[in-house]
Amino acid sequence: MTGALFPADVLARLVSSDSGRPRLTWYDDTPGPTNGERIELSARVLTNWVAKAANLLQDDCAAGPGTTVGLDVPAHWRGVYWALATWSVGATIVLGDSAADSDVLVTTDPPTAAAHGGDALLLSLPALARAHPEAADAGGAVDEAKELSTHGDQFSPMSDPEGGDLALSSDGLDTTYADLVVLRSEWGAAPRVAVDGHLKALLATCLSAWAADGSVVAMRGSAGTDPDALARRLESEGVTLPLLPD
């Protein structure tokens, strides 16, 4: 397990390599309030989001190695920083049907938040959200849009995970911290990778691309986009790898 890259190492490398370069570019093509959003996150900005979320998890939820954090969220840029925050505190991400049974739950659904017996955080997806419109139905869950900004921009973990610690549990498949970051030599150096898939696929793509000093163009709902418009988007974004399947 010696020499394995952890997500925190990958993020630190991005900051030291070029903190201002776009590392995650997000397009939302799904119907609804987030349709048409384009978000661009540099390593510096991404680290800021991760630090705030990690501080919330560590300070307010006492999350650390051994804690499970359920991510009941779609493949979305907000899901990426919550995943990185979970790994920053050394906890375990749970995806799928078991997410709601986790010690801490991050969800976009107010009734699900209300039904959770532990720490629950209600997530708003719109980029400019300042409060969740249905927070009153979430049974006292933390309204992330209101509370996250109150947490610090720097994060220092109280405990670091070991390589053999569980980093991700999804659909009965477990991944340790030592096996989480997959290096893909076939992608080459500094790839710009396009992806539209579920959250697990998005996270895996981000970690592999960033480990190679690359970047990601992530989309949600691109299957409903005009093929010619999608091709123009990928060309304008300088994508070096074609759209990865789900």
# chains A, B, ... in the order shown; residues from 1 in each chain; ligands from 1

$ select_by_dssp --residues "segment 12-72 of chain A" --states "strand (DSSP E)" --output "list of chain:residue names"
A:Pro22, A:Arg23, A:Leu24, A:Thr25, A:Trp26, A:Tyr27, A:Asp28, A:Arg38, A:Ile39, A:Glu40, A:Leu41, A:Ser42, A:Thr68, A:Val69, A:Gly70, A:Leu71, A:Asp72

$ write_last_selection --atoms "N, CA, C and O atoms" --output "PDB file, in the first residue's frame"
ATOM      1  N   PRO A  22      -8.438  25.657 -14.809  1.00  0.00           N
ATOM      2  CA  PRO A  22      -9.706  24.934 -14.650  1.00  0.00           C
ATOM      3  C   PRO A  22      -9.461  23.427 -14.573  1.00  0.00           C
ATOM      4  O   PRO A  22      -8.799  22.852 -15.433  1.00  0.00           O
ATOM      5  N   ARG A  23     -10.020  22.802 -13.526  1.00  0.00           N
ATOM      6  CA  ARG A  23      -9.850  21.360 -13.352  1.00  0.00           C
ATOM      7  C   ARG A  23     -11.170  20.606 -13.480  1.00  0.00           C
ATOM      8  O   ARG A  23     -11.171  19.407 -13.759  1.00  0.00           O
ATOM      9  N   LEU A  24     -12.283  21.304 -13.257  1.00  0.00           N
ATOM     10  CA  LEU A  24     -13.592  20.684 -13.422  1.00  0.00           C
ATOM     11  C   LEU A  24     -14.516  21.706 -14.069  1.00  0.00           C
ATOM     12  O   LEU A  24     -14.786  22.765 -13.499  1.00  0.00           O
ATOM     13  N   THR A  25     -14.976  21.383 -15.269  1.00  0.00           N
ATOM     14  CA  THR A  25     -15.926  22.220 -15.989  1.00  0.00           C
ATOM     15  C   THR A  25     -17.238  21.454 -16.074  1.00  0.00           C
ATOM     16  O   THR A  25     -17.258  20.307 -16.527  1.00  0.00           O
ATOM     17  N   TRP A  26     -18.310  22.071 -15.642  1.00  0.00           N
ATOM     18  CA  TRP A  26     -19.586  21.382 -15.472  1.00  0.00           C
ATOM     19  C   TRP A  26     -20.669  21.985 -16.365  1.00  0.00           C
ATOM     20  O   TRP A  26     -20.842  23.196 -16.418  1.00  0.00           O
ATOM     21  N   TYR A  27     -21.389  21.109 -17.074  1.00  0.00           N
ATOM     22  CA  TYR A  27     -22.547  21.505 -17.861  1.00  0.00           C
ATOM     23  C   TYR A  27     -23.764  20.734 -17.367  1.00  0.00           C
ATOM     24  O   TYR A  27     -23.702  19.511 -17.198  1.00  0.00           O
ATOM     25  N   ASP A  28     -24.860  21.444 -17.159  1.00  0.00           N
ATOM     26  CA  ASP A  28     -26.101  20.782 -16.758  1.00  0.00           C
ATOM     27  C   ASP A  28     -27.124  20.919 -17.882  1.00  0.00           C
ATOM     28  O   ASP A  28     -27.581  22.019 -18.189  1.00  0.00           O
ATOM     29  N   ARG A  38     -23.271  26.402 -16.474  1.00  0.00           N
ATOM     30  CA  ARG A  38     -21.890  26.020 -16.753  1.00  0.00           C
ATOM     31  C   ARG A  38     -21.049  26.546 -15.598  1.00  0.00           C
ATOM     32  O   ARG A  38     -21.022  27.746 -15.329  1.00  0.00           O
ATOM     33  N   ILE A  39     -20.382  25.662 -14.928  1.00  0.00           N
ATOM     34  CA  ILE A  39     -19.558  26.001 -13.768  1.00  0.00           C
ATOM     35  C   ILE A  39     -18.123  25.575 -14.045  1.00  0.00           C
ATOM     36  O   ILE A  39     -17.887  24.476 -14.548  1.00  0.00           O
ATOM     37  N   GLU A  40     -17.180  26.439 -13.721  1.00  0.00           N
ATOM     38  CA  GLU A  40     -15.768  26.125 -13.921  1.00  0.00           C
ATOM     39  C   GLU A  40     -15.033  26.280 -12.594  1.00  0.00           C
ATOM     40  O   GLU A  40     -15.090  27.344 -11.968  1.00  0.00           O
ATOM     41  N   LEU A  41     -14.374  25.210 -12.185  1.00  0.00           N
ATOM     42  CA  LEU A  41     -13.684  25.201 -10.899  1.00  0.00           C
ATOM     43  C   LEU A  41     -12.182  24.997 -11.108  1.00  0.00           C
ATOM     44  O   LEU A  41     -11.760  23.998 -11.690  1.00  0.00           O
ATOM     45  N   SER A  42     -11.402  25.925 -10.614  1.00  0.00           N
ATOM     46  CA  SER A  42      -9.955  25.743 -10.574  1.00  0.00           C
ATOM     47  C   SER A  42      -9.602  24.903  -9.361  1.00  0.00           C
ATOM     48  O   SER A  42     -10.450  24.644  -8.497  1.00  0.00           O
ATOM     49  N   THR A  68     -19.359   6.590   8.216  1.00  0.00           N
ATOM     50  CA  THR A  68     -19.921   6.433   6.877  1.00  0.00           C
ATOM     51  C   THR A  68     -20.702   7.688   6.510  1.00  0.00           C
ATOM     52  O   THR A  68     -21.457   8.229   7.318  1.00  0.00           O
ATOM     53  N   VAL A  69     -20.491   8.147   5.269  1.00  0.00           N
ATOM     54  CA  VAL A  69     -21.180   9.330   4.754  1.00  0.00           C
ATOM     55  C   VAL A  69     -21.933   8.931   3.501  1.00  0.00           C
ATOM     56  O   VAL A  69     -21.330   8.602   2.470  1.00  0.00           O
ATOM     57  N   GLY A  70     -23.250   8.930   3.567  1.00  0.00           N
ATOM     58  CA  GLY A  70     -24.063   8.585   2.411  1.00  0.00           C
ATOM     59  C   GLY A  70     -24.240   9.785   1.497  1.00  0.00           C
ATOM     60  O   GLY A  70     -24.604  10.870   1.963  1.00  0.00           O
ATOM     61  N   LEU A  71     -23.978   9.588   0.212  1.00  0.00           N
ATOM     62  CA  LEU A  71     -24.192  10.650  -0.769  1.00  0.00           C
ATOM     63  C   LEU A  71     -25.397  10.281  -1.620  1.00  0.00           C
ATOM     64  O   LEU A  71     -25.292   9.522  -2.591  1.00  0.00           O
ATOM     65  N   ASP A  72     -26.541  10.794  -1.234  1.00  0.00           N
ATOM     66  CA  ASP A  72     -27.780  10.580  -1.967  1.00  0.00           C
ATOM     67  C   ASP A  72     -27.989  11.778  -2.892  1.00  0.00           C
ATOM     68  O   ASP A  72     -28.909  12.568  -2.732  1.00  0.00           O
TER      69      ASP A  72
END

$ residues_around --residues "Thr34 of chain A" --least-positions-apart "2" --cutoff "6 Å" --atoms "only C-alpha atoms" --output "compact mmCIF listing (two decimals) with N, CA, C and O atoms, in the first residue's frame"
# COMPACT_ATOMS: atom_id res chain seq x y z
N GLY A 32 -35.15 21.64 -15.63
CA GLY A 32 -35.27 22.10 -14.25
C GLY A 32 -34.48 23.37 -13.98
O GLY A 32 -33.95 23.99 -14.91
N GLU A 37 -26.69 25.58 -16.79
CA GLU A 37 -25.58 26.05 -15.97
C GLU A 37 -24.25 25.54 -16.50
O GLU A 37 -24.13 24.39 -16.92
N PRO A 126 -28.70 24.21 -7.47
CA PRO A 126 -28.43 25.44 -8.24
C PRO A 126 -27.19 26.17 -7.75
O PRO A 126 -26.94 26.27 -6.54

$ residues_around --residues "Trp210 of chain A" --least-positions-apart "3" --cutoff "8 Å" --atoms "only C-alpha atoms" --output "JSON, numbers by chain"
{"A": [10, 11, 14, 23, 190, 206, 207, 213, 214, 215]}

$ residues_around --residues "Leu57 of chain A" --least-positions-apart "6" --cutoff "8 Å" --atoms "only C-alpha atoms" --output "PyMOL selection string"
chain A and resi 63+85-86+89

$ select_by_dssp --residues "segment 112-218 of chain A" --states "helix (DSSP H, G or I)" --output "NGL selection string"
:A and (112-115 or 135-137 or 144-150 or 177-180 or 185-187 or 199-211)

$ residues_around --residues "Ser124 of chain A" --least-positions-apart "5" --cutoff "10 Å" --atoms "only C-alpha atoms" --output "list of chain:residue names"
A:Val73, A:Arg78, A:Thr107, A:Thr108, A:Asp109, A:Ala129, A:Arg130, A:Ala131, A:His132, A:Pro133, A:Glu134, A:Ala135, A:Asp143, A:Glu144, A:Ala145, A:Lys146

$ residues_around --residues "Asp160 of chain A" --least-positions-apart "4" --cutoff "9 Å" --atoms "only C-alpha atoms" --output "number ranges by chain"
A: 64-65, 88-90

$ residues_around --residues "Ala8 of chain A" --least-positions-apart "4" --cutoff "12 Å" --atoms "only C-alpha atoms" --output "ChimeraX atom specification"
/A:4,12-15,43,46-47,50-51,54,81,83-90,155-157,160-161,177,180-181,207,210-211

$ write_last_selection --atoms "C-alpha atoms" --output "short mmCIF file (atom, residue, chain, number, x, y, z; two decimals), in the first residue's frame"
data_model
loop_
_atom_site.label_atom_id
_atom_site.label_comp_id
_atom_site.auth_asym_id
_atom_site.auth_seq_id
_atom_site.Cartn_x
_atom_site.Cartn_y
_atom_site.Cartn_z
CA ALA A 4 -0.65 4.83 -3.14
CA ALA A 12 -2.73 19.03 -3.18
CA ARG A 13 -0.79 18.25 -6.37
CA LEU A 14 -3.31 20.18 -8.45
CA VAL A 15 -2.90 23.23 -6.26
CA ALA A 43 -7.92 23.73 -8.09
CA LEU A 46 -12.34 23.38 -5.62
CA THR A 47 -10.06 23.16 -2.59
CA VAL A 50 -13.73 20.88 -0.12
CA ALA A 51 -12.24 22.56 2.95
CA ALA A 54 -14.67 18.83 5.36
CA TYR A 81 -16.65 18.35 -3.46
CA ALA A 83 -16.92 13.23 -1.92
CA LEU A 84 -13.52 14.88 -1.65
CA ALA A 85 -14.50 16.33 1.74
CA THR A 86 -15.50 12.88 2.96
CA TRP A 87 -12.16 11.47 1.88
CA SER A 88 -10.35 14.44 3.42
CA VAL A 89 -11.66 13.48 6.87
CA GLY A 90 -10.84 9.81 6.18
CA PHE A 155 -8.77 22.20 6.57
CA SER A 156 -6.54 20.09 8.78
CA PRO A 157 -7.68 16.50 9.45
CA ASP A 160 -5.64 10.42 8.37
CA PRO A 161 -6.95 7.25 6.73
CA TYR A 177 -8.09 4.20 0.00
CA LEU A 180 -9.23 4.47 -5.01
CA VAL A 181 -7.04 6.50 -7.38
CA LEU A 207 -9.41 11.19 -9.69
CA TRP A 210 -6.33 14.80 -11.91
CA ALA A 211 -3.69 12.23 -10.95
#

$ closest_residue --among "A:Val104, A:Ala115, A:Ala127, A:Val195" --to "Asp60 of chain A" --atoms "only C-alpha atoms"
A:Val104

$ closest_residue --among "A:Ala167, A:Ala201, A:Ala209, A:Ala62" --to "Leu241 of chain A" --atoms "only C-alpha atoms"
A:Ala209

$ atom_distance --atom1 "atom CA of Val45 of chain A" --atom2 "atom CA of Gly221 of chain A"
24.5 Å

$ closest_residue --among "A:Asp29, A:Thr205, A:Gly96, A:Met158" --to "Leu230 of chain A" --atoms "only C-alpha atoms"
A:Asp29
